[in-house]
Amino acid sequence: MTLRKLPARYARFVMPLVLSIIMTFIISGVSTLRGVGLTPDFLRLWMQAWALSWMVAFPTLILVLPLVRRIVGMVVEG
């Protein structure tokens, strides 16, 4: 079974979605581990931290990405 792909016009939302999921997952895990250590509650606390950080990160990426693209365009030949 072949998975259907989204049209290219959705890339501007899919890229920050995937980026925000991966980045917040890793950073919230590191931060939670450093903050509370490897306790029995670690996984629960990590998932709570991840959910909150993702809810902030995704809309932030949607808003900030056009500015980041312009800045990168000024720094990189292309």
# chains A, B, ... in the order shown; residues from 1 in each chain; ligands from 1
>>> residues_around(residues="Leu43 of chain A", least_positions_apart="6", cutoff="12 Å", atoms="only C-alpha atoms", output="NGL selection string")
:A and (25 or 28-30 or 32-33 or 36-37 or 49-50)
>>> closest_atom_pairs(of="segment 16-50 of chain A", to="segment 60-76 of chain A", cutoff="9 Å", atoms="only C-alpha atoms", output="Markdown table")
| residue | atom | partner | partner_atom | distance |
| --- | --- | --- | --- | --- |
| A:Pro16 | CA | A:Leu61 | CA | 5.9 |
| A:Leu17 | CA | A:Leu61 | CA | 8.3 |
| A:Leu19 | CA | A:Leu61 | CA | 8.7 |
| A:Ser20 | CA | A:Leu61 | CA | 7.5 |
>>> select_by_dssp(residues="chain A", states="alpha helix (DSSP H)", output="MDAnalysis selection string")
chainID A and resid 11:36 42:75
>>> write_last_selection(atoms="C-alpha atoms", output="short mmCIF file (atom, residue, chain, number, x, y, z; two decimals), in the first residue's frame")
data_model
loop_
_atom_site.label_atom_id
_atom_site.label_comp_id
_atom_site.auth_asym_id
_atom_site.auth_seq_id
_atom_site.Cartn_x
_atom_site.Cartn_y
_atom_site.Cartn_z
CA ALA A 11 5.32 22.01 2.98
CA ARG A 12 5.33 25.42 4.67
CA PHE A 13 3.29 23.89 7.52
CA VAL A 14 4.63 20.33 7.53
CA MET A 15 8.27 21.38 7.88
CA PRO A 16 7.76 23.48 11.04
CA LEU A 17 5.40 20.79 12.39
CA VAL A 18 8.03 18.05 12.08
CA LEU A 19 10.85 20.34 13.21
CA SER A 20 8.92 21.49 16.29
CA ILE A 21 7.99 17.92 17.26
CA ILE A 22 11.57 16.63 17.01
CA MET A 23 13.29 19.64 18.61
CA THR A 24 10.89 20.04 21.53
CA PHE A 25 10.94 16.28 22.17
CA ILE A 26 14.74 16.24 22.47
CA ILE A 27 15.15 19.53 24.35
CA SER A 28 12.32 18.86 26.81
CA GLY A 29 13.80 15.42 27.50
CA VAL A 30 17.24 16.83 28.22
CA SER A 31 15.80 19.65 30.32
CA THR A 32 13.52 17.35 32.30
CA LEU A 33 16.32 14.87 32.92
CA ARG A 34 18.58 17.64 34.15
CA GLY A 35 15.84 19.16 36.29
CA VAL A 36 14.42 16.10 38.05
CA PHE A 42 10.48 11.08 34.60
CA LEU A 43 8.46 9.88 31.59
CA ARG A 44 5.25 11.56 32.75
CA LEU A 45 7.05 14.82 33.51
CA TRP A 46 8.88 14.69 30.19
CA MET A 47 5.66 14.22 28.22
CA GLN A 48 4.01 17.11 30.08
CA ALA A 49 7.02 19.33 29.38
CA TRP A 50 7.09 18.23 25.75
CA ALA A 51 3.39 18.95 25.21
CA LEU A 52 3.67 22.44 26.65
CA SER A 53 6.86 23.26 24.77
CA TRP A 54 5.42 21.97 21.48
CA MET A 55 2.28 24.10 21.90
CA VAL A 56 4.55 27.16 22.09
CA ALA A 57 7.14 26.07 19.51
CA PHE A 58 4.87 25.18 16.58
CA PRO A 59 3.01 28.50 16.33
CA THR A 60 6.27 30.33 17.00
CA LEU A 61 7.94 28.54 14.07
CA ILE A 62 5.00 29.35 11.79
CA LEU A 63 5.33 33.04 12.68
CA VAL A 64 9.14 33.29 12.73
CA LEU A 65 10.08 31.12 9.73
CA PRO A 66 9.52 33.83 7.08
CA LEU A 67 11.86 36.16 8.99
CA VAL A 68 14.44 33.38 9.38
CA ARG A 69 14.29 32.68 5.64
CA ARG A 70 14.96 36.36 4.89
CA ILE A 71 17.89 36.47 7.32
CA VAL A 72 19.36 33.29 5.85
CA GLY A 73 18.91 34.78 2.36
CA MET A 74 21.00 37.79 3.40
CA VAL A 75 23.78 35.57 4.77
#
